[in-house]
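Student: Before anything else, here's the structure in question.
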Amino acid sequence: MKYAYFPGCALKSSAIEYDMSTQEVARKLGIELAEIEDWICCGATPAHLTLHLLSLALPVKNLLKAQKEKLEVVTCCAACFNRLKVANHFMQTDEEHRVKVNTIVDANYHGDVVVKHFLEVLINDYGLERIAKRAVKKLENLKVASYYGCLLIRPPEVMKFDDPEDPHSMDDLMKVLGAEAINWPYKHECCGASFSIARTDIVLRLTNDVLRMAKEAGAEMVAVACPLCHSNLDMRQMDIAKKYKHYDLPVLYFTQILGLALGIEPRKLGLNKHFVDPMKLLKKKGVI
Amino acid sequence: MARIGVFVCHCGTNIAGVVDVKKVVEAAKNLPFVKFTADYNYFCSKPGQDEIVKAIKEHNLDRVIVSACSPSLHEKTFRTCIEEAGLNPFMVEMANIREQCSWVHKDKEKATRKAIELVRAKVAKVAKSTPLKKMYTSVEKKVLVIGGGIAGIQAALDIAIAGYKAIIVEKNPSIGGRMAQFDKTFPTLDCAACILTPRMVSASQDENIKIYSYSEVCEVSGFVGNFNVKILKKARSVDEEKCTGCGQCITKCPAKVPSEFDRGLGLRKAIYTPFPQAVPNVPVIDRQACRFYTEGKCRICEKICPFSAIDFNQKDQIIEEKVGAIIVASGFTLFDHSVYGEYGYGKLKNVITGLDFERIVNSSGPTGGKVVRPSDGKPAKNVVFIQCVGSRDEQKGIPYCSRLCCMYTAKHALLLREHDPAAQAYIFYIDIRAAGKNYEEFVKKVQTEYGAMYLRGRVSRIFEKDEDLVVRGADTLSGAQIEIKADLVVLATGLVARPDATQLAKMLRIPYDKNNLFTEAHPKLGPVETVTSGIFLTGACQAPKDIPDTVATASAASVKALGLLTKDKLTIDPEIASVNPFICSGCLNCVKVCPFSAIETEEFENKLFKEKKVVAKVIESLCRGCGNCAAVCRVGAVDLAGYKDEQIMEEIKAL
């Protein structure tokens, strides 16, 4: 299994532990991730806020590089995943934008490079049963609230991934690893996303709601698949404690949790890089 | 030698605004056999028709082209018109230069050229026309009513009042339909059962009405005046003659299953009548639930019945009936809200539909009229109503407005408060559509006197939190996001076609639209007719309707049916197929393609060649003139009167 890997900016900086754990997990499972050479920013939020064409041309430039290798593209960042899929959608269905973007990038691209989230690769391509067989540690007694946020599953007609109203892919993964997947209503609430900087107060309110609901539902840990969700839930937890309540709820990437089950060393998974330290809990639960 | 008159109509500016009528007339003058031409503003008007009659007489014309609108509109007018002038009515052809020309084209020159072509083709065809003899058929003085809801009951009663016979075929064990499930009716708050059950009883007591309950129409053949109907009468396992409806069997039956009538919120027995006022008041044994049928033992009902009415060996029966007209009153079903993830995919116990609420709030319903939460039976104090569920949603639902939901939701809010003055109704709506007599006033009353909180906006999510529901939505008037802690959520699910609607339509050969609702002959001028003559529509099988509209269309449909029944004979179209036995090779492909089973075989002796052979023969009374047989005949032995091969070929050649 070989894929063109698009890490995106966050995974090389604030979410470096997401990148580390992804690479470790892939290596352990025998999934080859060939990082796209000279990849550029997907445009994220700023591009589509400023210039629509730019927000399509940036992802397309990356996709064209993968097309040369004849590989499917895998990404971990929910925002990158979203932008790549949206660009493909326009290139497939919108004649006007297809012509304009192709002029900009000097190509004849029709949106045919397959883009997958790493979660999708694990569940659909690799298979949950095979993962269960490879797991060396059962995550028994660990109560995990899977948090999907917005960009991974919406808009549904573009993303075509998981159920937009009741997502369950991450829960399915947690279950085969032996963890208890908490059924809670806020798994696809908004975390406030990039308001984190401009309007921190809004993000604090929204993330407090999410953490409170997770805690009330009995979660001991939150699993995420998006660097921005992670930073809002993890990094802002100190501020939330000051303004609202102290939760002490570790927030881990699903790849880190999977890595633990596969028996990968915590340090290699970047578990030391979180603001809310998960080590105490993991030790208590006998995971490490 | 044919003498043809060509009459080109202006139709005001409908035709003349695009087509140069004078040019068409000039061109027509030079066509073969055309002896007279004229144009006029409206040939369908009385003076217009007089012009045609005058010209026929003065110029000794023997056939006519009216170049005007579609034959579906005025062919009959002009057939009668030329008959008045002494010609055979089938010697007129319409060249449709309106719907097929002026209405769809803008370029005047090209449109005029096309109009001339259309006239030229029709002139060539009419030159080969031959007079046809009018044909008649007898009329069976009986009407089949499919469906025994309020629509079907009303239609049958109206037929019976006029002294004619009606048959009601109802799928369920009792007539009454949806209305029997309702609690009160808007805007007058009459008890639905109190106004419905007297009609149900009248229908059952009327000697002109025969009710087949627990039965389905399974085959329809024939045509207007002479339909042959096969009815599947499902085995009731109870002898209708012997049963007195005492109900002892029901009391003693040990098997309980969810009641369909109570929408699964309550239980019924395996031997049951759907509701206490059922008509006929004869129970049915549900063989899937009955212990004798499933486990081989029990037979308590048989032992207890004082009249020996239980008959475990009863079998399904097919009953044949002959009727002159059919009224379709097959009703609707509810939109299935399980497609909406935001409302919990139909999995949340305390999220129910409006029809569920009708049963809950009904004093003879599963909760005895107490408004409670289905999950734990606790009183429901805060109730959120959501309108337009499925309706007006092109993505996941149906594009149309279901018309009743605004009203029944208002009614529910009122009933909620009447049952419990401390209860609060919250209603999420998009628009309030209360068009109907006293409807707007009713909604106002619910808002002002019954304290219902109307919130303009959509609900984005419903989720369970502890034992309650949390409803989150937008109030677009204040711009606020709101969250309501609710005991119960009632979804105003839209009205949709029944799942077997298309099957019924195909059986009856009536058209249906993209929403599987049956299509009326004309949306304005033929709202209860279908294009298949003798078949009429009433109620929500055609479009969502409330009770007053349903009853009105039921009466309208029965008047239309009675219009046929009061005639001794009906004129039928002589444009039917015939087989030339000399040419027929007996391949009988025509038999295979005939949708009306109107072709039989006969032995034919060709005396000239001294040979005997089997050939096809058209049964004239059954042929509807569709022309399938003429199209598949390999040797050209089949011809359709009025559309003979020779006529069609001339028409094509002229183009």
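Here's how to read the names in the structure tokens: chain A, B, ... by the order shown, residue numbers from 1 in each chain, ligand numbers from 1 in the order shown.
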Residues within 7 Å of Pro574 of chain B, please, as a ChimeraX atom specification. Count only C-alpha atoms; anything in the same chain fewer than 3 positions from it doesn't count.
Tutor: /B:132-135
Student: Save the residues we just selected, all heavy atoms, as a PDB file, in the first residue's frame?
Tutor:
```pdb
ATOM      1  N   LEU B 132     -66.070   7.379 -40.816  1.00  0.00           N
ATOM      2  CA  LEU B 132     -66.119   6.309 -39.828  1.00  0.00           C
ATOM      3  C   LEU B 132     -67.490   6.323 -39.166  1.00  0.00           C
ATOM      4  O   LEU B 132     -68.103   7.379 -39.008  1.00  0.00           O
ATOM      5  CB  LEU B 132     -65.033   6.496 -38.771  1.00  0.00           C
ATOM      6  CG  LEU B 132     -63.585   6.549 -39.260  1.00  0.00           C
ATOM      7  CD1 LEU B 132     -62.649   6.782 -38.074  1.00  0.00           C
ATOM      8  CD2 LEU B 132     -63.202   5.268 -39.979  1.00  0.00           C
ATOM      9  N   LYS B 133     -67.906   5.129 -38.749  1.00  0.00           N
ATOM     10  CA  LYS B 133     -69.216   5.030 -38.113  1.00  0.00           C
ATOM     11  C   LYS B 133     -69.064   5.163 -36.606  1.00  0.00           C
ATOM     12  O   LYS B 133     -68.155   4.575 -36.013  1.00  0.00           O
ATOM     13  CB  LYS B 133     -69.829   3.663 -38.455  1.00  0.00           C
ATOM     14  CG  LYS B 133     -71.265   3.769 -38.895  1.00  0.00           C
ATOM     15  CD  LYS B 133     -71.773   2.407 -39.299  1.00  0.00           C
ATOM     16  CE  LYS B 133     -72.967   2.077 -38.422  1.00  0.00           C
ATOM     17  NZ  LYS B 133     -73.471   0.730 -38.634  1.00  0.00           N
ATOM     18  N   LYS B 134     -69.935   5.946 -36.011  1.00  0.00           N
ATOM     19  CA  LYS B 134     -69.890   6.094 -34.554  1.00  0.00           C
ATOM     20  C   LYS B 134     -70.179   4.763 -33.888  1.00  0.00           C
ATOM     21  O   LYS B 134     -71.001   3.994 -34.374  1.00  0.00           O
ATOM     22  CB  LYS B 134     -70.954   7.105 -34.100  1.00  0.00           C
ATOM     23  CG  LYS B 134     -70.498   8.549 -34.190  1.00  0.00           C
ATOM     24  CD  LYS B 134     -71.508   9.426 -33.486  1.00  0.00           C
ATOM     25  CE  LYS B 134     -71.148  10.888 -33.678  1.00  0.00           C
ATOM     26  NZ  LYS B 134     -72.236  11.750 -33.193  1.00  0.00           N
ATOM     27  N   MET B 135     -69.502   4.502 -32.773  1.00  0.00           N
ATOM     28  CA  MET B 135     -69.734   3.250 -32.073  1.00  0.00           C
ATOM     29  C   MET B 135     -70.230   3.530 -30.660  1.00  0.00           C
ATOM     30  O   MET B 135     -69.908   4.555 -30.064  1.00  0.00           O
ATOM     31  CB  MET B 135     -68.438   2.432 -32.016  1.00  0.00           C
ATOM     32  CG  MET B 135     -68.059   1.887 -33.387  1.00  0.00           C
ATOM     33  SD  MET B 135     -66.393   1.245 -33.405  1.00  0.00           S
ATOM     34  CE  MET B 135     -66.549  -0.081 -32.248  1.00  0.00           C
TER      35      MET B 135
END
```
Student: Would you mind listing, as a ChimeraX atom specification, all residues of chain B that have at least one atom within 9 Å of chain A, where only C-alpha atoms are what counts?
Tutor: /B:340-342,344-345,461-465
Student: Those residues with C-alpha atoms, as a PDB file, in the first residue's frame please?
Tutor:
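Output file out.pdb is given in full below:
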```
ATOM      1  CA  TYR B 340     -32.939  13.198   8.895  1.00  0.00           C
ATOM      2  CA  GLY B 341     -29.852  12.694  11.050  1.00  0.00           C
ATOM      3  CA  GLU B 342     -30.443  16.048  12.722  1.00  0.00           C
ATOM      4  CA  GLY B 344     -32.084  11.480  15.296  1.00  0.00           C
ATOM      5  CA  TYR B 345     -32.692   9.233  12.273  1.00  0.00           C
ATOM      6  CA  ARG B 461     -30.195  19.199  16.002  1.00  0.00           C
ATOM      7  CA  ILE B 462     -32.087  17.110  18.485  1.00  0.00           C
ATOM      8  CA  PHE B 463     -30.126  15.034  20.975  1.00  0.00           C
ATOM      9  CA  GLU B 464     -30.731  13.204  24.196  1.00  0.00           C
ATOM     10  CA  LYS B 465     -29.246  14.626  27.361  1.00  0.00           C
TER      11      LYS B 465
END
```
Student: In Å, with one decimal, what is the gap from atom CA of Glu157 of chain A to atom CA of Ala87 of chain A?
Tutor: 13.1 Å
Student: What's around segment 346-359 of chain B at 6 Å? Count only C-alpha atoms, leave out sequence neighbours fewer than 6 positions away in its own chain, and write the answer as a ChimeraX atom specification.
Tutor: /B:182-183,262,338,365,373-375,488-492
Student: Filtering to all heavy atoms, could you give me those residues as a CSV table (one decimal), in the first residue's frame?
Tutor:
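Full text of part_27.csv as output:
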```csv
chain,number,residue,atom,x,y,z
B,182,PHE,N,-57.5,10.3,13.7
B,182,PHE,CA,-57.3,11.7,14.2
B,182,PHE,C,-58.1,11.9,15.5
B,182,PHE,O,-59.1,11.3,15.7
B,182,PHE,CB,-57.8,12.7,13.1
B,182,PHE,CG,-57.1,12.7,11.8
B,182,PHE,CD1,-57.7,13.3,10.7
B,182,PHE,CD2,-55.9,12.1,11.7
B,182,PHE,CE1,-57.0,13.2,9.5
B,182,PHE,CE2,-55.2,12.0,10.5
B,182,PHE,CZ,-55.8,12.6,9.4
B,183,ASP,N,-57.7,12.9,16.3
B,183,ASP,CA,-58.4,13.2,17.5
B,183,ASP,C,-59.5,14.2,17.2
B,183,ASP,O,-60.6,13.9,17.1
B,183,ASP,CB,-57.4,13.7,18.5
B,183,ASP,CG,-58.1,14.0,19.9
B,183,ASP,OD1,-58.8,13.1,20.3
B,183,ASP,OD2,-57.9,15.1,20.4
B,262,ASP,N,-52.7,2.4,16.3
B,262,ASP,CA,-52.1,3.3,17.4
B,262,ASP,C,-50.6,3.6,17.1
B,262,ASP,O,-49.9,4.0,18.0
B,262,ASP,CB,-52.3,2.7,18.7
B,262,ASP,CG,-53.7,2.9,19.3
B,262,ASP,OD1,-54.3,3.9,18.8
B,262,ASP,OD2,-54.1,2.1,20.1
B,338,SER,N,-36.9,9.2,9.0
B,338,SER,CA,-35.6,8.6,9.4
B,338,SER,C,-34.4,9.0,8.5
B,338,SER,O,-33.3,8.6,8.8
B,338,SER,CB,-35.8,7.1,9.4
B,338,SER,OG,-36.0,6.5,8.1
B,365,GLY,N,-57.0,6.5,22.8
B,365,GLY,CA,-55.7,6.1,22.3
B,365,GLY,C,-54.9,5.3,23.3
B,365,GLY,O,-55.3,5.0,24.4
B,373,ARG,N,-44.4,11.1,27.5
B,373,ARG,CA,-43.2,10.7,26.7
B,373,ARG,C,-43.3,9.2,26.5
B,373,ARG,O,-43.4,8.4,27.5
B,373,ARG,CB,-42.0,11.0,27.5
B,373,ARG,CG,-42.0,12.4,28.2
B,373,ARG,CD,-40.7,12.9,28.5
B,373,ARG,NE,-39.9,12.2,29.5
B,373,ARG,CZ,-38.8,12.7,30.1
B,373,ARG,NH1,-38.4,13.9,29.8
B,373,ARG,NH2,-38.2,11.9,31.0
B,374,PRO,N,-43.1,8.7,25.3
B,374,PRO,CA,-43.2,7.3,25.0
B,374,PRO,C,-42.0,6.6,25.7
B,374,PRO,O,-42.2,5.4,26.0
B,374,PRO,CB,-43.0,7.2,23.5
B,374,PRO,CG,-43.4,8.5,23.0
B,374,PRO,CD,-43.1,9.5,24.0
B,375,SER,N,-40.9,7.2,26.0
B,375,SER,CA,-39.8,6.5,26.6
B,375,SER,C,-40.1,6.0,28.0
B,375,SER,O,-39.8,4.9,28.4
B,375,SER,CB,-38.6,7.4,26.6
B,375,SER,OG,-38.8,8.6,27.4
B,488,LEU,N,-40.8,16.2,24.6
B,488,LEU,CA,-41.4,15.5,23.5
B,488,LEU,C,-41.1,16.4,22.2
B,488,LEU,O,-41.3,17.6,22.4
B,488,LEU,CB,-42.9,15.3,23.7
B,488,LEU,CG,-43.7,14.4,22.7
B,488,LEU,CD1,-43.2,13.0,22.8
B,488,LEU,CD2,-45.2,14.4,23.1
B,489,VAL,N,-40.8,15.8,21.1
B,489,VAL,CA,-40.7,16.6,19.9
B,489,VAL,C,-41.7,15.9,18.9
B,489,VAL,O,-41.7,14.7,18.7
B,489,VAL,CB,-39.3,16.5,19.3
B,489,VAL,CG1,-39.2,17.2,17.9
B,489,VAL,CG2,-38.3,17.2,20.2
B,490,VAL,N,-42.5,16.8,18.3
B,490,VAL,CA,-43.5,16.3,17.3
B,490,VAL,C,-43.1,16.8,15.9
B,490,VAL,O,-43.1,18.0,15.7
B,490,VAL,CB,-44.9,16.7,17.7
B,490,VAL,CG1,-45.9,16.1,16.7
B,490,VAL,CG2,-45.2,16.3,19.1
B,491,LEU,N,-42.9,15.9,15.0
B,491,LEU,CA,-42.5,16.3,13.7
B,491,LEU,C,-43.7,16.3,12.8
B,491,LEU,O,-44.4,15.4,12.7
B,491,LEU,CB,-41.5,15.3,13.1
B,491,LEU,CG,-40.2,15.0,13.9
B,491,LEU,CD1,-39.3,14.0,13.2
B,491,LEU,CD2,-39.4,16.3,14.1
B,492,ALA,N,-43.9,17.5,12.1
B,492,ALA,CA,-45.0,17.6,11.2
B,492,ALA,C,-44.5,17.0,9.8
B,492,ALA,O,-44.2,17.7,8.9
B,492,ALA,CB,-45.4,19.0,11.0
```
Student: Can you check which residues of segment 181-286 of chain A DSSP gives as strand (DSSP E) on the backbone and send them as a PyMOL selection string?
Tutor: chain A and resi 181+221-224+251-253
Student: For those residues, write N, CA and C atoms to a file as a PDB file, in the first residue's frame.
Tutor:
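Result file out-v5.pdb:
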```
ATOM      1  N   ALA A 181     -16.056   3.516  23.379  1.00  0.00           N
ATOM      2  CA  ALA A 181     -16.398   4.724  22.614  1.00  0.00           C
ATOM      3  C   ALA A 181     -17.631   5.359  23.228  1.00  0.00           C
ATOM      4  N   MET A 221     -10.892  10.847  27.926  1.00  0.00           N
ATOM      5  CA  MET A 221      -9.962  11.316  26.916  1.00  0.00           C
ATOM      6  C   MET A 221     -10.769  11.689  25.673  1.00  0.00           C
ATOM      7  N   VAL A 222     -10.241  12.677  24.914  1.00  0.00           N
ATOM      8  CA  VAL A 222     -10.913  13.042  23.669  1.00  0.00           C
ATOM      9  C   VAL A 222      -9.993  12.656  22.513  1.00  0.00           C
ATOM     10  N   ALA A 223     -10.560  11.997  21.498  1.00  0.00           N
ATOM     11  CA  ALA A 223      -9.791  11.672  20.295  1.00  0.00           C
ATOM     12  C   ALA A 223     -10.171  12.642  19.192  1.00  0.00           C
ATOM     13  N   VAL A 224      -9.145  13.180  18.487  1.00  0.00           N
ATOM     14  CA  VAL A 224      -9.434  14.142  17.418  1.00  0.00           C
ATOM     15  C   VAL A 224      -8.715  13.738  16.131  1.00  0.00           C
ATOM     16  N   VAL A 251      -6.341  15.413  25.293  1.00  0.00           N
ATOM     17  CA  VAL A 251      -6.854  15.395  23.920  1.00  0.00           C
ATOM     18  C   VAL A 251      -5.775  14.788  23.030  1.00  0.00           C
ATOM     19  N   LEU A 252      -6.044  13.626  22.454  1.00  0.00           N
ATOM     20  CA  LEU A 252      -5.052  12.926  21.648  1.00  0.00           C
ATOM     21  C   LEU A 252      -5.524  12.768  20.212  1.00  0.00           C
ATOM     22  N   TYR A 253      -4.551  12.744  19.288  1.00  0.00           N
ATOM     23  CA  TYR A 253      -4.896  12.397  17.911  1.00  0.00           C
ATOM     24  C   TYR A 253      -5.209  10.912  17.854  1.00  0.00           C
TER      25      TYR A 253
END
```
Student: Could you list, as a PyMOL selection string, every residue within 12 Å of Thr244 of chain B, counting only C-alpha atoms and ignoring same-chain residues fewer than 4 positions away?
Tutor: chain B and resi 238-240+248-249+280-283+305-310
Student: With N, CA and C atoms kept, could you save the residues just selected as a short mmCIF file (atom, residue, chain, number, x, y, z; two decimals), in the first residue's frame?
Tutor:
```
data_model
loop_
_atom_site.label_atom_id
_atom_site.label_comp_id
_atom_site.auth_asym_id
_atom_site.auth_seq_id
_atom_site.Cartn_x
_atom_site.Cartn_y
_atom_site.Cartn_z
N VAL B 238 -62.38 -15.27 10.10
CA VAL B 238 -63.61 -15.09 10.88
C VAL B 238 -64.76 -15.02 9.86
N ASP B 239 -65.79 -15.79 10.10
CA ASP B 239 -66.93 -15.81 9.18
C ASP B 239 -67.78 -14.55 9.38
N GLU B 240 -67.83 -13.73 8.33
CA GLU B 240 -68.53 -12.44 8.46
C GLU B 240 -70.03 -12.60 8.67
N GLN B 248 -65.69 -11.11 22.34
CA GLN B 248 -65.16 -12.01 23.37
C GLN B 248 -63.84 -12.63 22.96
N CYS B 249 -63.72 -12.93 21.68
CA CYS B 249 -62.48 -13.53 21.17
C CYS B 249 -61.30 -12.59 21.41
N PRO B 280 -66.55 -3.11 8.83
CA PRO B 280 -67.47 -3.93 9.60
C PRO B 280 -66.87 -4.29 10.96
N ASN B 281 -67.75 -4.49 11.91
CA ASN B 281 -67.27 -4.81 13.26
C ASN B 281 -67.01 -6.31 13.37
N VAL B 282 -66.17 -6.79 12.48
CA VAL B 282 -65.82 -8.21 12.45
C VAL B 282 -64.31 -8.31 12.58
N PRO B 283 -63.83 -9.02 13.58
CA PRO B 283 -62.37 -9.06 13.75
C PRO B 283 -61.66 -9.83 12.64
N CYS B 305 -65.87 -18.38 21.09
CA CYS B 305 -66.86 -17.75 20.21
C CYS B 305 -68.21 -18.45 20.32
N PRO B 306 -69.25 -17.72 20.78
CA PRO B 306 -70.55 -18.36 20.96
C PRO B 306 -71.25 -18.67 19.63
N PHE B 307 -70.71 -18.12 18.54
CA PHE B 307 -71.41 -18.25 17.26
C PHE B 307 -70.63 -19.12 16.25
N SER B 308 -69.59 -19.76 16.72
CA SER B 308 -68.74 -20.60 15.86
C SER B 308 -68.30 -19.86 14.59
N ALA B 309 -67.91 -18.63 14.79
CA ALA B 309 -67.56 -17.80 13.63
C ALA B 309 -66.09 -17.90 13.25
N ILE B 310 -65.28 -18.45 14.13
CA ILE B 310 -63.84 -18.55 13.81
C ILE B 310 -63.64 -19.66 12.77
#
```
Student: Hey, what does DSSP flag as alpha helix (DSSP H) within segment 89-261 of chain A? Can you give it to me as number ranges by chain?
Tutor: A: 89-93, 95-105, 118-120, 128-134, 156-159, 169-176, 195-198, 200-216, 227-230, 237-243, 254-261
Student: Pick out the residues sitting within 9 Å of Thr77 of chain B, and hand them over as a ChimeraX atom specification; count only C-alpha atoms, and ignore anything fewer than 4 positions along from it in its own chain.
Tutor: /B:44,49,73,81-82
Student: Write to file, as a short mmCIF file (atom, residue, chain, number, x, y, z; two decimals), in the first residue's frame, the residues of the selection just made, with N, CA, C and O atoms.
Tutor:
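Okay, out_15.cif is ready:
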```cif
data_model
loop_
_atom_site.label_atom_id
_atom_site.label_comp_id
_atom_site.auth_asym_id
_atom_site.auth_seq_id
_atom_site.Cartn_x
_atom_site.Cartn_y
_atom_site.Cartn_z
N CYS B 44 -63.16 28.61 -33.13
CA CYS B 44 -63.91 27.82 -32.15
C CYS B 44 -65.15 28.57 -31.68
O CYS B 44 -66.04 27.98 -31.08
N GLN B 49 -67.51 28.92 -36.22
CA GLN B 49 -68.04 27.63 -36.67
C GLN B 49 -69.06 27.81 -37.78
O GLN B 49 -69.11 27.02 -38.72
N LEU B 73 -57.86 19.79 -27.47
CA LEU B 73 -58.75 20.85 -27.01
C LEU B 73 -60.03 20.95 -27.85
O LEU B 73 -61.12 20.97 -27.31
N CYS B 81 -69.13 20.37 -35.39
CA CYS B 81 -69.39 21.46 -36.32
C CYS B 81 -69.62 20.94 -37.75
O CYS B 81 -70.59 21.30 -38.41
N ILE B 82 -68.73 20.05 -38.21
CA ILE B 82 -68.89 19.61 -39.60
C ILE B 82 -70.05 18.61 -39.73
O ILE B 82 -70.64 18.46 -40.78
#
```
Student: If you count only C-alpha atoms, which residues fall within 10 Å of Ile250 of chain B, apart from same-chain ones fewer than 5 positions away, as a ChimeraX atom specification?
Tutor: /B:245,255,268-273,283-285,300-301,304-305
Student: Restricted to N, CA, C and O atoms, what would the selected residues look like written as a PDB file, in the first residue's frame?
Tutor:
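The resulting file, selection-v1.pdb, is shown below:
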```pdb
ATOM      1  N   GLY B 245     -69.776  -9.546  16.298  1.00  0.00           N
ATOM      2  CA  GLY B 245     -68.948  -8.449  16.806  1.00  0.00           C
ATOM      3  C   GLY B 245     -68.986  -8.330  18.312  1.00  0.00           C
ATOM      4  O   GLY B 245     -68.765  -7.253  18.868  1.00  0.00           O
ATOM      5  N   ALA B 255     -52.252 -13.347  22.545  1.00  0.00           N
ATOM      6  CA  ALA B 255     -51.101 -12.796  21.806  1.00  0.00           C
ATOM      7  C   ALA B 255     -51.254 -11.287  21.591  1.00  0.00           C
ATOM      8  O   ALA B 255     -52.288 -10.822  21.114  1.00  0.00           O
ATOM      9  N   ARG B 268     -52.224  -4.400  20.333  1.00  0.00           N
ATOM     10  CA  ARG B 268     -53.496  -5.008  19.970  1.00  0.00           C
ATOM     11  C   ARG B 268     -53.329  -6.513  20.087  1.00  0.00           C
ATOM     12  O   ARG B 268     -52.220  -7.005  20.261  1.00  0.00           O
ATOM     13  N   LYS B 269     -54.457  -7.219  19.990  1.00  0.00           N
ATOM     14  CA  LYS B 269     -54.382  -8.670  20.048  1.00  0.00           C
ATOM     15  C   LYS B 269     -54.126  -9.241  18.652  1.00  0.00           C
ATOM     16  O   LYS B 269     -54.215  -8.520  17.657  1.00  0.00           O
ATOM     17  N   ALA B 270     -53.863 -10.560  18.601  1.00  0.00           N
ATOM     18  CA  ALA B 270     -53.671 -11.199  17.288  1.00  0.00           C
ATOM     19  C   ALA B 270     -55.000 -11.257  16.545  1.00  0.00           C
ATOM     20  O   ALA B 270     -55.055 -11.150  15.326  1.00  0.00           O
ATOM     21  N   ILE B 271     -56.114 -11.460  17.281  1.00  0.00           N
ATOM     22  CA  ILE B 271     -57.445 -11.318  16.664  1.00  0.00           C
ATOM     23  C   ILE B 271     -57.945  -9.947  17.084  1.00  0.00           C
ATOM     24  O   ILE B 271     -57.954  -9.604  18.263  1.00  0.00           O
ATOM     25  N   TYR B 272     -58.293  -9.129  16.103  1.00  0.00           N
ATOM     26  CA  TYR B 272     -58.524  -7.720  16.455  1.00  0.00           C
ATOM     27  C   TYR B 272     -59.420  -7.006  15.460  1.00  0.00           C
ATOM     28  O   TYR B 272     -59.564  -7.424  14.307  1.00  0.00           O
ATOM     29  N   THR B 273     -60.030  -5.933  15.949  1.00  0.00           N
ATOM     30  CA  THR B 273     -60.553  -4.903  15.058  1.00  0.00           C
ATOM     31  C   THR B 273     -59.665  -3.696  15.316  1.00  0.00           C
ATOM     32  O   THR B 273     -59.238  -3.494  16.451  1.00  0.00           O
ATOM     33  N   PRO B 283     -63.827  -9.017  13.585  1.00  0.00           N
ATOM     34  CA  PRO B 283     -62.373  -9.058  13.753  1.00  0.00           C
ATOM     35  C   PRO B 283     -61.663  -9.831  12.638  1.00  0.00           C
ATOM     36  O   PRO B 283     -62.304 -10.514  11.832  1.00  0.00           O
ATOM     37  N   VAL B 284     -60.354  -9.674  12.643  1.00  0.00           N
ATOM     38  CA  VAL B 284     -59.484 -10.349  11.691  1.00  0.00           C
ATOM     39  C   VAL B 284     -58.432 -11.073  12.518  1.00  0.00           C
ATOM     40  O   VAL B 284     -57.991 -10.555  13.539  1.00  0.00           O
ATOM     41  N   ILE B 285     -58.009 -12.252  12.073  1.00  0.00           N
ATOM     42  CA  ILE B 285     -56.876 -12.887  12.760  1.00  0.00           C
ATOM     43  C   ILE B 285     -55.602 -12.558  11.986  1.00  0.00           C
ATOM     44  O   ILE B 285     -55.507 -12.814  10.783  1.00  0.00           O
ATOM     45  N   ILE B 300     -58.037 -20.504  21.375  1.00  0.00           N
ATOM     46  CA  ILE B 300     -58.925 -20.011  22.434  1.00  0.00           C
ATOM     47  C   ILE B 300     -60.123 -19.275  21.838  1.00  0.00           C
ATOM     48  O   ILE B 300     -61.260 -19.450  22.270  1.00  0.00           O
ATOM     49  N   CYS B 301     -59.854 -18.466  20.807  1.00  0.00           N
ATOM     50  CA  CYS B 301     -60.936 -17.683  20.196  1.00  0.00           C
ATOM     51  C   CYS B 301     -62.030 -18.600  19.658  1.00  0.00           C
ATOM     52  O   CYS B 301     -63.218 -18.330  19.787  1.00  0.00           O
ATOM     53  N   ILE B 304     -64.052 -19.880  22.564  1.00  0.00           N
ATOM     54  CA  ILE B 304     -64.857 -18.882  23.270  1.00  0.00           C
ATOM     55  C   ILE B 304     -66.014 -18.348  22.411  1.00  0.00           C
ATOM     56  O   ILE B 304     -67.023 -17.907  22.939  1.00  0.00           O
ATOM     57  N   CYS B 305     -65.870 -18.381  21.087  1.00  0.00           N
ATOM     58  CA  CYS B 305     -66.865 -17.747  20.205  1.00  0.00           C
ATOM     59  C   CYS B 305     -68.207 -18.455  20.316  1.00  0.00           C
ATOM     60  O   CYS B 305     -68.327 -19.642  20.015  1.00  0.00           O
TER      61      CYS B 305
END
```
Student: Please, what distance in Å, to one decimal, runs between atom CA of Ala225 of chain A and atom CA of Arg154 of chain A?
Tutor: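 Calculated distance between atom CA of Ala225 of chain A and atom CA of Arg154 of chain A is 13.7 Å.
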Student: List as a PyMOL selection string the protein and nucleic acid residues near Ser14 of chain A, meaning an atom at most 10 Å away when only C-alpha atoms are counted, but skip any in the same chain fewer than 2 places from it.
Tutor: chain A and resi 9-12+16-18+227-228+230-231+273
Student: In Å, rounded to a single decimal, give me how far atom CA of Ile146 of chain B is from atom CA of Ala557 of chain B.
Tutor: 12.4 Å
